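Written below as structure tokens is the structure these notes are about.
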Amino acid sequence: MGIREIQHKGEWEAFLMQCAEKTFLQSWNWGEFWQKIGKIWRLGIYDGDTLLGIALIAKIRARRGTFLLIQHGPVLKNSDSKILQVFLGELKWIAKEERVSFIRMNPLLKQTEENDALLKNLGFRLASMHANAYDATWKLDLVLPEDGLFGSMRKTTRYLIRQAQKNSDITIEKSDGIEDISRFAALTRQVAKRQQFVPFSEEYIKNEFEVFAKDGKALLIFGKYKKEYVAGALVIFWSRIGFYHQAASLSEYAKFSLPYLVQWEAIKEAKRRGCKLYDFWGYVDPDKHSSHPWAGPTRFKMGFGGRPYEYIKTQDYPLSWKYWPTAIFEMMRARRRGL
């Protein structure tokens, strides 16, 4: 068993197509996105010529420390401890060469005592914050026809969609043009100001959109009221999954329910493109964690049908004393944000 760098997009994407648990954060195109920011590695774990797993690794330089980041990876055919051990050995060698203070990853392994123990026995510890990617999400199986999907929604959700559809002042606009990123970014800035969080920069959103749009895998869906753009979503379609990755809406137009109509249009678009699943991107149990910032958005997502998927929490592998000030800083910041 050994590790080597994968050079061909076809091999990488073909392996991921076989895997059930995956997101575009391990896609070839996401690596193209990260390369605009910094250094990456695309590693394959092999048994002879048989590919057992892949990992997209990014080197992150932040004020809180320099580290290796593996978002929603590594992606493995099975969670064999020997495979993870070989992979960790390679990560530690890269970390030493790059002089980073820790490794952070959150593979999409089910949240079980066995999987928690698997990572703990390898030397990982629970991270103080997530890896800029979810640890749990809400997914909708798209096997039903459109009318079946609509019928499986919560009654209130169906009603709000119908009301928006009947309103002649409301229209939906779809775009794969990079020029419309400015419009979407402006919406996110207004929402961030209202909710007091730091949004992704326009350049970040543009770079993400660009690498997927060139393959026809990204779409902006806008909801307009009397020609004003008041809601929008950036949706990624990859490996037969639709991802509701980013969204924004103006609160002063909340009574018109445009986010519901935008979401429904995104689900229908995923269905038309042959997607088998729709990933709403992020979930917390709103009954157990009613004060969590994601509780409200989760209730919104749950109205469309589907079920939760919960994975092991983000894990850190400390490599030097420099890790611990970072961990303390992140823990304090997470508490301030109510996460």
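Quick note on naming: the chains in the structure tokens go A, B, ... in the order shown, residues restart at 1 in each chain, and ligands are numbered from 1 in order of appearance.
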
**Study point:** Residues near A:Ser257, cut-off 10 Å, only C-alpha atoms, skip fewer than 4 positions along chain, as a PyMOL selection string
**Key:** chain A and resi 157+159-165+170+223+231+249+253+261-262

Write the residues of the preceding selection, restricted to N, CA and C atoms, as a compact mmCIF listing (two decimals), in the first residue's frame.
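Result file is selection_24.txt:
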```
# COMPACT_ATOMS: atom_id res chain seq x y z
N THR A 157 -44.56 24.80 3.52
CA THR A 157 -43.59 25.07 2.46
C THR A 157 -44.28 25.08 1.10
N TYR A 159 -47.38 25.71 0.47
CA TYR A 159 -48.25 26.89 0.41
C TYR A 159 -47.45 28.15 0.05
N LEU A 160 -46.30 28.33 0.70
CA LEU A 160 -45.49 29.52 0.45
C LEU A 160 -44.94 29.54 -0.98
N ILE A 161 -44.57 28.37 -1.50
CA ILE A 161 -44.10 28.30 -2.89
C ILE A 161 -45.23 28.68 -3.84
N ARG A 162 -46.41 28.14 -3.61
CA ARG A 162 -47.56 28.46 -4.48
C ARG A 162 -47.89 29.95 -4.45
N GLN A 163 -47.83 30.53 -3.26
CA GLN A 163 -48.12 31.96 -3.14
C GLN A 163 -47.13 32.80 -3.94
N ALA A 164 -45.85 32.41 -3.87
CA ALA A 164 -44.84 33.14 -4.62
C ALA A 164 -45.04 32.95 -6.13
N GLN A 165 -45.43 31.75 -6.55
CA GLN A 165 -45.66 31.48 -7.97
C GLN A 165 -46.83 32.28 -8.52
N ILE A 170 -43.27 38.67 -8.94
CA ILE A 170 -42.11 37.83 -8.64
C ILE A 170 -41.68 37.06 -9.88
N GLY A 223 -34.14 35.45 -7.19
CA GLY A 223 -35.54 35.78 -7.05
C GLY A 223 -35.70 37.28 -7.12
N ALA A 231 -33.32 37.92 -3.59
CA ALA A 231 -32.89 36.62 -3.07
C ALA A 231 -32.03 35.93 -4.13
N SER A 249 -30.79 36.49 1.12
CA SER A 249 -32.08 37.13 0.82
C SER A 249 -32.25 38.35 1.72
N TYR A 253 -38.12 41.80 2.37
CA TYR A 253 -39.03 41.17 1.41
C TYR A 253 -39.46 39.77 1.88
N LEU A 261 -39.22 29.84 -3.17
CA LEU A 261 -39.32 29.62 -4.61
C LEU A 261 -37.94 29.40 -5.23
N VAL A 262 -36.93 30.15 -4.80
CA VAL A 262 -35.56 29.95 -5.30
C VAL A 262 -35.08 28.53 -4.98
```

Exercise for review: Identify, on the basis of only C-alpha atoms, every residue whose closest approach to stretch 307-322 of chain A does not exceed 7 Å; exclude the query and any residue fewer than 5 positions from it along the same chain; express the result as a ChimeraX atom specification.
Suggested key: /A:101-106,108-111,116,123-127,130-131,135-140

**Study point:** stretch 206-218 of chain A surroundings by only C-alpha atoms, 12 Å radius, close-in-sequence under 2 positions cut, as a ChimeraX atom specification
**Key:** /A:24-25,27-37,174-185,200-204,220-221,233-246,266,269-270,273,275

Exercise for review: Fewer than 3 positions away in the same chain doesn't count, so skip those; otherwise give me all residues within 6 Å of A:Ala58, counting only C-alpha atoms, as a PyMOL selection string.
Suggested key: chain A and resi 39-40+68-69

Any chance you could export the current selection's N, CA and C atoms as a PDB file, in the first residue's frame?
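result-v7.pdb, freshly written:
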```
ATOM      1  N   LYS A  39      -1.093  26.564  -2.031  1.00  0.00           N
ATOM      2  CA  LYS A  39      -0.508  25.286  -2.433  1.00  0.00           C
ATOM      3  C   LYS A  39      -1.454  24.129  -2.135  1.00  0.00           C
ATOM      4  N   ILE A  40      -1.515  23.165  -3.057  1.00  0.00           N
ATOM      5  CA  ILE A  40      -2.363  21.985  -2.854  1.00  0.00           C
ATOM      6  C   ILE A  40      -1.604  20.717  -3.220  1.00  0.00           C
ATOM      7  N   LEU A  68      -2.386  22.196   7.470  1.00  0.00           N
ATOM      8  CA  LEU A  68      -2.891  21.457   6.314  1.00  0.00           C
ATOM      9  C   LEU A  68      -4.370  21.199   6.526  1.00  0.00           C
ATOM     10  N   LEU A  69      -5.165  21.434   5.487  1.00  0.00           N
ATOM     11  CA  LEU A  69      -6.620  21.299   5.574  1.00  0.00           C
ATOM     12  C   LEU A  69      -7.118  20.286   4.550  1.00  0.00           C
TER      13      LEU A  69
END
```

Practice item. Using only C-alpha atoms, determine which residues lie at most 9 Å from A:Lys224, disregarding the query and same-chain residues fewer than 4 positions distant; provide the list as a list in words. Key: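 Once the nearby chain positions are removed, what remains is Asp169, Ile170, Thr171, Ile172, Glu173, Glu228, Tyr229, Val230, Ala231, Gly232 and Leu258 of chain A.
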
Would you output that residue set with N, CA and C atoms, as a PDB file, in the first residue's frame?
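Output saved as result23.pdb:
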```pdb
ATOM      1  N   ASP A 169     -45.582  39.895  -9.555  1.00  0.00           N
ATOM      2  CA  ASP A 169     -44.430  40.777  -9.348  1.00  0.00           C
ATOM      3  C   ASP A 169     -43.142  39.998  -9.095  1.00  0.00           C
ATOM      4  N   ILE A 170     -43.267  38.670  -8.943  1.00  0.00           N
ATOM      5  CA  ILE A 170     -42.110  37.826  -8.637  1.00  0.00           C
ATOM      6  C   ILE A 170     -41.680  37.057  -9.878  1.00  0.00           C
ATOM      7  N   THR A 171     -40.387  37.081 -10.157  1.00  0.00           N
ATOM      8  CA  THR A 171     -39.817  36.306 -11.263  1.00  0.00           C
ATOM      9  C   THR A 171     -38.534  35.615 -10.806  1.00  0.00           C
ATOM     10  N   ILE A 172     -38.189  34.543 -11.500  1.00  0.00           N
ATOM     11  CA  ILE A 172     -36.954  33.797 -11.246  1.00  0.00           C
ATOM     12  C   ILE A 172     -36.020  34.009 -12.430  1.00  0.00           C
ATOM     13  N   GLU A 173     -34.761  34.248 -12.131  1.00  0.00           N
ATOM     14  CA  GLU A 173     -33.754  34.428 -13.180  1.00  0.00           C
ATOM     15  C   GLU A 173     -32.569  33.519 -12.881  1.00  0.00           C
ATOM     16  N   GLU A 228     -36.339  44.036  -8.835  1.00  0.00           N
ATOM     17  CA  GLU A 228     -35.245  44.161  -7.863  1.00  0.00           C
ATOM     18  C   GLU A 228     -34.802  42.774  -7.416  1.00  0.00           C
ATOM     19  N   TYR A 229     -33.487  42.562  -7.363  1.00  0.00           N
ATOM     20  CA  TYR A 229     -32.941  41.271  -6.929  1.00  0.00           C
ATOM     21  C   TYR A 229     -32.968  41.221  -5.405  1.00  0.00           C
ATOM     22  N   VAL A 230     -33.778  40.315  -4.864  1.00  0.00           N
ATOM     23  CA  VAL A 230     -33.955  40.289  -3.407  1.00  0.00           C
ATOM     24  C   VAL A 230     -33.580  38.940  -2.781  1.00  0.00           C
ATOM     25  N   ALA A 231     -33.321  37.919  -3.591  1.00  0.00           N
ATOM     26  CA  ALA A 231     -32.889  36.619  -3.069  1.00  0.00           C
ATOM     27  C   ALA A 231     -32.033  35.935  -4.125  1.00  0.00           C
ATOM     28  N   GLY A 232     -31.094  35.116  -3.680  1.00  0.00           N
ATOM     29  CA  GLY A 232     -30.238  34.423  -4.626  1.00  0.00           C
ATOM     30  C   GLY A 232     -29.574  33.212  -4.011  1.00  0.00           C
ATOM     31  N   LEU A 258     -39.694  34.569  -1.295  1.00  0.00           N
ATOM     32  CA  LEU A 258     -38.841  34.280  -2.447  1.00  0.00           C
ATOM     33  C   LEU A 258     -37.803  33.187  -2.204  1.00  0.00           C
TER      34      LEU A 258
END
```

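By only C-alpha atoms, and with residues fewer than 2 positions from A:Tyr46 along its chain excluded, the set lying at most 9 Å from it is Met1, Gly2, Ile3, Arg4, Gly44, Gly48, Asp49, Thr50, Leu51, Leu52 and Gly53 of chain A.
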
Could you save the residues just selected, with C-alpha atoms, as a PDB file, in the first residue's frame?
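New file out_4.pdb:
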```
ATOM      1  CA  MET A   1       0.000   0.000   0.000  1.00  0.00           C
ATOM      2  CA  GLY A   2       1.391   3.390  -0.956  1.00  0.00           C
ATOM      3  CA  ILE A   3       0.606   6.976  -1.827  1.00  0.00           C
ATOM      4  CA  ARG A   4       1.320   8.940  -4.972  1.00  0.00           C
ATOM      5  CA  GLY A  44      -4.153   8.817  -4.136  1.00  0.00           C
ATOM      6  CA  GLY A  48      -0.786  -1.910  -6.189  1.00  0.00           C
ATOM      7  CA  ASP A  49      -2.663  -0.279  -9.041  1.00  0.00           C
ATOM      8  CA  THR A  50      -6.011  -0.233  -7.211  1.00  0.00           C
ATOM      9  CA  LEU A  51      -7.058   3.200  -5.968  1.00  0.00           C
ATOM     10  CA  LEU A  52      -8.456   2.936  -2.421  1.00  0.00           C
ATOM     11  CA  GLY A  53      -8.894   6.602  -1.551  1.00  0.00           C
TER      12      GLY A  53
END
```

**Study point:** Top pick for closest residue to A:Tyr134, considering A:Arg158, A:His8, A:His72, A:Lys226 and counting only C-alpha atoms
**Key:**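 Of the candidates, the smallest distance to A:Tyr134 is held by A:His72.
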
Review point. Quick one, how far is atom CA of A:Ile205 from atom CA of A:Thr188?
Key: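 Separating atom CA of A:Ile205 from atom CA of A:Thr188 is a distance of 10.2 Å.
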
Review point. Rounded to one decimal in Å, what is the spacing between atom CA of A:Gly274 and atom CA of A:Met153?
Key: 20.3 Å

Practice item. Report the distance between atom CA of A:Asn78 and atom CA of A:Ile54 in Å, rounded to one decimal place. Key: 11.6 Å

Please extract the residues of stretch 40-233 of chain A with a backbone DSSP assignment of strand (DSSP E or B) and present them as a PDB file with N, CA and C atoms, in the first residue's frame.
```pdb
ATOM      1  N   ILE A  40      -1.515  23.165  -3.057  1.00  0.00           N
ATOM      2  CA  ILE A  40      -2.363  21.985  -2.854  1.00  0.00           C
ATOM      3  C   ILE A  40      -1.604  20.717  -3.220  1.00  0.00           C
ATOM      4  N   TRP A  41      -2.152  19.583  -2.759  1.00  0.00           N
ATOM      5  CA  TRP A  41      -1.693  18.258  -3.156  1.00  0.00           C
ATOM      6  C   TRP A  41      -2.938  17.427  -3.467  1.00  0.00           C
ATOM      7  N   ARG A  42      -2.867  16.635  -4.522  1.00  0.00           N
ATOM      8  CA  ARG A  42      -3.929  15.668  -4.833  1.00  0.00           C
ATOM      9  C   ARG A  42      -3.314  14.279  -4.708  1.00  0.00           C
ATOM     10  N   LEU A  43      -3.619  13.614  -3.614  1.00  0.00           N
ATOM     11  CA  LEU A  43      -2.987  12.331  -3.321  1.00  0.00           C
ATOM     12  C   LEU A  43      -3.946  11.172  -3.527  1.00  0.00           C
ATOM     13  N   GLY A  44      -3.405  10.060  -4.026  1.00  0.00           N
ATOM     14  CA  GLY A  44      -4.153   8.817  -4.136  1.00  0.00           C
ATOM     15  C   GLY A  44      -3.518   7.748  -3.275  1.00  0.00           C
ATOM     16  N   ILE A  45      -4.340   6.959  -2.596  1.00  0.00           N
ATOM     17  CA  ILE A  45      -3.871   5.849  -1.769  1.00  0.00           C
ATOM     18  C   ILE A  45      -4.112   4.570  -2.566  1.00  0.00           C
ATOM     19  N   TYR A  46      -3.048   3.853  -2.871  1.00  0.00           N
ATOM     20  CA  TYR A  46      -3.128   2.691  -3.760  1.00  0.00           C
ATOM     21  C   TYR A  46      -2.717   1.400  -3.063  1.00  0.00           C
ATOM     22  N   ASP A  47      -3.364   0.323  -3.474  1.00  0.00           N
ATOM     23  CA  ASP A  47      -2.911  -1.034  -3.170  1.00  0.00           C
ATOM     24  C   ASP A  47      -2.515  -1.627  -4.515  1.00  0.00           C
ATOM     25  N   THR A  50      -4.619  -0.476  -7.606  1.00  0.00           N
ATOM     26  CA  THR A  50      -6.011  -0.233  -7.211  1.00  0.00           C
ATOM     27  C   THR A  50      -6.096   1.001  -6.320  1.00  0.00           C
ATOM     28  N   LEU A  51      -6.883   1.962  -6.737  1.00  0.00           N
ATOM     29  CA  LEU A  51      -7.058   3.200  -5.968  1.00  0.00           C
ATOM     30  C   LEU A  51      -8.064   2.967  -4.848  1.00  0.00           C
ATOM     31  N   LEU A  52      -7.620   3.176  -3.608  1.00  0.00           N
ATOM     32  CA  LEU A  52      -8.456   2.936  -2.421  1.00  0.00           C
ATOM     33  C   LEU A  52      -9.043   4.210  -1.843  1.00  0.00           C
ATOM     34  N   GLY A  53      -8.413   5.346  -2.127  1.00  0.00           N
ATOM     35  CA  GLY A  53      -8.894   6.602  -1.551  1.00  0.00           C
ATOM     36  C   GLY A  53      -8.151   7.778  -2.142  1.00  0.00           C
ATOM     37  N   ILE A  54      -8.751   8.958  -1.987  1.00  0.00           N
ATOM     38  CA  ILE A  54      -8.116  10.182  -2.487  1.00  0.00           C
ATOM     39  C   ILE A  54      -8.213  11.273  -1.422  1.00  0.00           C
ATOM     40  N   ALA A  55      -7.353  12.264  -1.537  1.00  0.00           N
ATOM     41  CA  ALA A  55      -7.392  13.388  -0.599  1.00  0.00           C
ATOM     42  C   ALA A  55      -6.868  14.641  -1.278  1.00  0.00           C
ATOM     43  N   LEU A  56      -7.679  15.680  -1.276  1.00  0.00           N
ATOM     44  CA  LEU A  56      -7.263  17.007  -1.712  1.00  0.00           C
ATOM     45  C   LEU A  56      -6.827  17.773  -0.470  1.00  0.00           C
ATOM     46  N   ILE A  57      -5.573  18.191  -0.462  1.00  0.00           N
ATOM     47  CA  ILE A  57      -4.984  18.843   0.714  1.00  0.00           C
ATOM     48  C   ILE A  57      -4.594  20.269   0.343  1.00  0.00           C
ATOM     49  N   ALA A  58      -4.924  21.204   1.198  1.00  0.00           N
ATOM     50  CA  ALA A  58      -4.548  22.602   0.972  1.00  0.00           C
ATOM     51  C   ALA A  58      -3.718  23.098   2.148  1.00  0.00           C
ATOM     52  N   LYS A  59      -2.711  23.902   1.834  1.00  0.00           N
ATOM     53  CA  LYS A  59      -1.926  24.548   2.890  1.00  0.00           C
ATOM     54  C   LYS A  59      -2.565  25.897   3.187  1.00  0.00           C
ATOM     55  N   ILE A  60      -2.936  26.098   4.452  1.00  0.00           N
ATOM     56  CA  ILE A  60      -3.634  27.307   4.854  1.00  0.00           C
ATOM     57  C   ILE A  60      -2.724  28.172   5.715  1.00  0.00           C
ATOM     58  N   ARG A  61      -2.575  29.417   5.298  1.00  0.00           N
ATOM     59  CA  ARG A  61      -1.846  30.394   6.108  1.00  0.00           C
ATOM     60  C   ARG A  61      -2.867  31.375   6.675  1.00  0.00           C
ATOM     61  N   ALA A  62      -3.006  31.393   7.988  1.00  0.00           N
ATOM     62  CA  ALA A  62      -3.946  32.296   8.644  1.00  0.00           C
ATOM     63  C   ALA A  62      -3.263  32.940   9.834  1.00  0.00           C
ATOM     64  N   GLY A  65      -2.538  30.599  12.574  1.00  0.00           N
ATOM     65  CA  GLY A  65      -1.566  29.531  12.392  1.00  0.00           C
ATOM     66  C   GLY A  65      -1.563  28.994  10.976  1.00  0.00           C
ATOM     67  N   THR A  66      -0.531  28.216  10.666  1.00  0.00           N
ATOM     68  CA  THR A  66      -0.399  27.583   9.352  1.00  0.00           C
ATOM     69  C   THR A  66      -0.659  26.094   9.516  1.00  0.00           C
ATOM     70  N   PHE A  67      -1.508  25.537   8.647  1.00  0.00           N
ATOM     71  CA  PHE A  67      -1.888  24.138   8.816  1.00  0.00           C
ATOM     72  C   PHE A  67      -2.275  23.522   7.485  1.00  0.00           C
ATOM     73  N   LEU A  68      -2.386  22.196   7.470  1.00  0.00           N
ATOM     74  CA  LEU A  68      -2.891  21.457   6.314  1.00  0.00           C
ATOM     75  C   LEU A  68      -4.370  21.199   6.526  1.00  0.00           C
ATOM     76  N   LEU A  69      -5.165  21.434   5.487  1.00  0.00           N
ATOM     77  CA  LEU A  69      -6.620  21.299   5.574  1.00  0.00           C
ATOM     78  C   LEU A  69      -7.118  20.286   4.550  1.00  0.00           C
ATOM     79  N   ILE A  70      -7.910  19.320   5.017  1.00  0.00           N
ATOM     80  CA  ILE A  70      -8.560  18.346   4.136  1.00  0.00           C
ATOM     81  C   ILE A  70     -10.056  18.437   4.421  1.00  0.00           C
ATOM     82  N   VAL A  75     -11.431  10.794   1.082  1.00  0.00           N
ATOM     83  CA  VAL A  75     -12.562   9.982   0.627  1.00  0.00           C
ATOM     84  C   VAL A  75     -12.034   8.576   0.378  1.00  0.00           C
ATOM     85  N   LEU A  76     -12.574   7.601   1.124  1.00  0.00           N
ATOM     86  CA  LEU A  76     -12.073   6.233   1.077  1.00  0.00           C
ATOM     87  C   LEU A  76     -13.189   5.270   0.689  1.00  0.00           C
ATOM     88  N   PHE A 102      -0.238  22.007  12.551  1.00  0.00           N
ATOM     89  CA  PHE A 102      -1.231  20.949  12.764  1.00  0.00           C
ATOM     90  C   PHE A 102      -1.899  20.564  11.440  1.00  0.00           C
ATOM     91  N   ILE A 103      -2.618  19.448  11.488  1.00  0.00           N
ATOM     92  CA  ILE A 103      -3.405  18.940  10.368  1.00  0.00           C
ATOM     93  C   ILE A 103      -4.868  18.979  10.778  1.00  0.00           C
ATOM     94  N   ARG A 104      -5.727  19.456   9.900  1.00  0.00           N
ATOM     95  CA  ARG A 104      -7.175  19.512  10.198  1.00  0.00           C
ATOM     96  C   ARG A 104      -7.933  18.808   9.086  1.00  0.00           C
ATOM     97  N   MET A 105      -8.842  17.918   9.464  1.00  0.00           N
ATOM     98  CA  MET A 105      -9.652  17.241   8.456  1.00  0.00           C
ATOM     99  C   MET A 105     -11.001  16.836   9.028  1.00  0.00           C
ATOM    100  N   LYS A 110     -19.544   8.305   9.195  1.00  0.00           N
ATOM    101  CA  LYS A 110     -20.736   8.426  10.030  1.00  0.00           C
ATOM    102  C   LYS A 110     -20.363   8.674  11.486  1.00  0.00           C
ATOM    103  N   ARG A 125      -7.583  14.731  17.676  1.00  0.00           N
ATOM    104  CA  ARG A 125      -8.431  15.252  18.748  1.00  0.00           C
ATOM    105  C   ARG A 125      -9.510  16.127  18.126  1.00  0.00           C
ATOM    106  N   LEU A 126     -10.591  16.306  18.880  1.00  0.00           N
ATOM    107  CA  LEU A 126     -11.704  17.114  18.397  1.00  0.00           C
ATOM    108  C   LEU A 126     -11.246  18.550  18.195  1.00  0.00           C
ATOM    109  N   ALA A 136     -22.543  17.997   9.581  1.00  0.00           N
ATOM    110  CA  ALA A 136     -23.859  17.376   9.417  1.00  0.00           C
ATOM    111  C   ALA A 136     -24.607  18.158   8.344  1.00  0.00           C
ATOM    112  N   THR A 137     -25.472  17.463   7.627  1.00  0.00           N
ATOM    113  CA  THR A 137     -26.221  18.148   6.577  1.00  0.00           C
ATOM    114  C   THR A 137     -27.601  17.523   6.418  1.00  0.00           C
ATOM    115  N   TRP A 138     -28.408  18.164   5.588  1.00  0.00           N
ATOM    116  CA  TRP A 138     -29.758  17.687   5.275  1.00  0.00           C
ATOM    117  C   TRP A 138     -29.783  17.392   3.782  1.00  0.00           C
ATOM    118  N   LYS A 139     -30.185  16.166   3.411  1.00  0.00           N
ATOM    119  CA  LYS A 139     -30.194  15.780   2.004  1.00  0.00           C
ATOM    120  C   LYS A 139     -31.569  15.282   1.588  1.00  0.00           C
ATOM    121  N   LEU A 140     -31.871  15.534   0.321  1.00  0.00           N
ATOM    122  CA  LEU A 140     -33.140  15.120  -0.272  1.00  0.00           C
ATOM    123  C   LEU A 140     -32.866  14.140  -1.408  1.00  0.00           C
ATOM    124  N   ASP A 141     -33.476  12.967  -1.338  1.00  0.00           N
ATOM    125  CA  ASP A 141     -33.384  11.984  -2.414  1.00  0.00           C
ATOM    126  C   ASP A 141     -34.268  12.448  -3.570  1.00  0.00           C
ATOM    127  N   ILE A 170     -43.267  38.670  -8.943  1.00  0.00           N
ATOM    128  CA  ILE A 170     -42.110  37.826  -8.637  1.00  0.00           C
ATOM    129  C   ILE A 170     -41.680  37.057  -9.878  1.00  0.00           C
ATOM    130  N   THR A 171     -40.387  37.081 -10.157  1.00  0.00           N
ATOM    131  CA  THR A 171     -39.817  36.306 -11.263  1.00  0.00           C
ATOM    132  C   THR A 171     -38.534  35.615 -10.806  1.00  0.00           C
ATOM    133  N   ILE A 172     -38.189  34.543 -11.500  1.00  0.00           N
ATOM    134  CA  ILE A 172     -36.954  33.797 -11.246  1.00  0.00           C
ATOM    135  C   ILE A 172     -36.020  34.009 -12.430  1.00  0.00           C
ATOM    136  N   GLU A 173     -34.761  34.248 -12.131  1.00  0.00           N
ATOM    137  CA  GLU A 173     -33.754  34.428 -13.180  1.00  0.00           C
ATOM    138  C   GLU A 173     -32.569  33.519 -12.881  1.00  0.00           C
ATOM    139  N   LYS A 174     -32.103  32.796 -13.901  1.00  0.00           N
ATOM    140  CA  LYS A 174     -30.959  31.904 -13.742  1.00  0.00           C
ATOM    141  C   LYS A 174     -29.799  32.406 -14.598  1.00  0.00           C
ATOM    142  N   SER A 175     -28.588  32.246 -14.075  1.00  0.00           N
ATOM    143  CA  SER A 175     -27.424  32.751 -14.802  1.00  0.00           C
ATOM    144  C   SER A 175     -26.198  31.895 -14.521  1.00  0.00           C
ATOM    145  N   ALA A 218     -22.099  25.114 -12.311  1.00  0.00           N
ATOM    146  CA  ALA A 218     -22.481  26.126 -11.330  1.00  0.00           C
ATOM    147  C   ALA A 218     -23.575  27.010 -11.920  1.00  0.00           C
ATOM    148  N   LEU A 219     -24.482  27.452 -11.073  1.00  0.00           N
ATOM    149  CA  LEU A 219     -25.596  28.274 -11.523  1.00  0.00           C
ATOM    150  C   LEU A 219     -25.993  29.247 -10.419  1.00  0.00           C
ATOM    151  N   LEU A 220     -26.269  30.469 -10.798  1.00  0.00           N
ATOM    152  CA  LEU A 220     -26.861  31.456  -9.898  1.00  0.00           C
ATOM    153  C   LEU A 220     -28.360  31.486 -10.161  1.00  0.00           C
ATOM    154  N   ILE A 221     -29.145  31.391  -9.099  1.00  0.00           N
ATOM    155  CA  ILE A 221     -30.600  31.471  -9.215  1.00  0.00           C
ATOM    156  C   ILE A 221     -31.066  32.658  -8.379  1.00  0.00           C
ATOM    157  N   PHE A 222     -31.685  33.624  -9.039  1.00  0.00           N
ATOM    158  CA  PHE A 222     -32.130  34.849  -8.370  1.00  0.00           C
ATOM    159  C   PHE A 222     -33.654  34.901  -8.294  1.00  0.00           C
ATOM    160  N   GLY A 223     -34.137  35.446  -7.186  1.00  0.00           N
ATOM    161  CA  GLY A 223     -35.544  35.776  -7.050  1.00  0.00           C
ATOM    162  C   GLY A 223     -35.695  37.285  -7.122  1.00  0.00           C
ATOM    163  N   LYS A 224     -36.566  37.771  -8.015  1.00  0.00           N
ATOM    164  CA  LYS A 224     -36.731  39.212  -8.215  1.00  0.00           C
ATOM    165  C   LYS A 224     -38.153  39.636  -7.838  1.00  0.00           C
ATOM    166  N   TYR A 225     -38.238  40.781  -7.203  1.00  0.00           N
ATOM    167  CA  TYR A 225     -39.540  41.383  -6.905  1.00  0.00           C
ATOM    168  C   TYR A 225     -39.588  42.751  -7.578  1.00  0.00           C
ATOM    169  N   GLU A 228     -36.339  44.036  -8.835  1.00  0.00           N
ATOM    170  CA  GLU A 228     -35.245  44.161  -7.863  1.00  0.00           C
ATOM    171  C   GLU A 228     -34.802  42.774  -7.416  1.00  0.00           C
ATOM    172  N   TYR A 229     -33.487  42.562  -7.363  1.00  0.00           N
ATOM    173  CA  TYR A 229     -32.941  41.271  -6.929  1.00  0.00           C
ATOM    174  C   TYR A 229     -32.968  41.221  -5.405  1.00  0.00           C
ATOM    175  N   VAL A 230     -33.778  40.315  -4.864  1.00  0.00           N
ATOM    176  CA  VAL A 230     -33.955  40.289  -3.407  1.00  0.00           C
ATOM    177  C   VAL A 230     -33.580  38.940  -2.781  1.00  0.00           C
ATOM    178  N   ALA A 231     -33.321  37.919  -3.591  1.00  0.00           N
ATOM    179  CA  ALA A 231     -32.889  36.619  -3.069  1.00  0.00           C
ATOM    180  C   ALA A 231     -32.033  35.935  -4.125  1.00  0.00           C
ATOM    181  N   GLY A 232     -31.094  35.116  -3.680  1.00  0.00           N
ATOM    182  CA  GLY A 232     -30.238  34.423  -4.626  1.00  0.00           C
ATOM    183  C   GLY A 232     -29.574  33.212  -4.011  1.00  0.00           C
ATOM    184  N   ALA A 233     -29.170  32.291  -4.864  1.00  0.00           N
ATOM    185  CA  ALA A 233     -28.458  31.095  -4.413  1.00  0.00           C
ATOM    186  C   ALA A 233     -27.397  30.730  -5.436  1.00  0.00           C
TER     187      ALA A 233
END
```

Determine, counting only C-alpha atoms, which protein, DNA and RNA residues have an atom within 7 Å of an atom of stretch 293-304 of chain A; residues of the same chain fewer than 2 positions away are not included. Present the result as a JSON list (two decimals) with C-alpha atoms, in the first residue's frame.
```
[["chain", "number", "residue", "atom", "x", "y", "z"],
["A", 153, "MET", "CA", -42.80, 18.80, 1.35],
["A", 154, "ARG", "CA", -44.19, 20.26, 4.53],
["A", 157, "THR", "CA", -43.59, 25.07, 2.46],
["A", 280, "PHE", "CA", -28.88, 21.57, 1.49],
["A", 283, "TYR", "CA", -27.73, 21.08, 9.45],
["A", 284, "VAL", "CA", -28.19, 21.24, 13.20],
["A", 285, "ASP", "CA", -31.03, 19.68, 15.14],
["A", 286, "PRO", "CA", -33.22, 22.77, 15.71],
["A", 289, "HIS", "CA", -29.92, 23.46, 19.50],
["A", 290, "SER", "CA", -32.61, 26.12, 19.18],
["A", 291, "SER", "CA", -30.17, 29.01, 19.84],
["A", 306, "GLY", "CA", -35.33, 14.81, 3.20]]
```
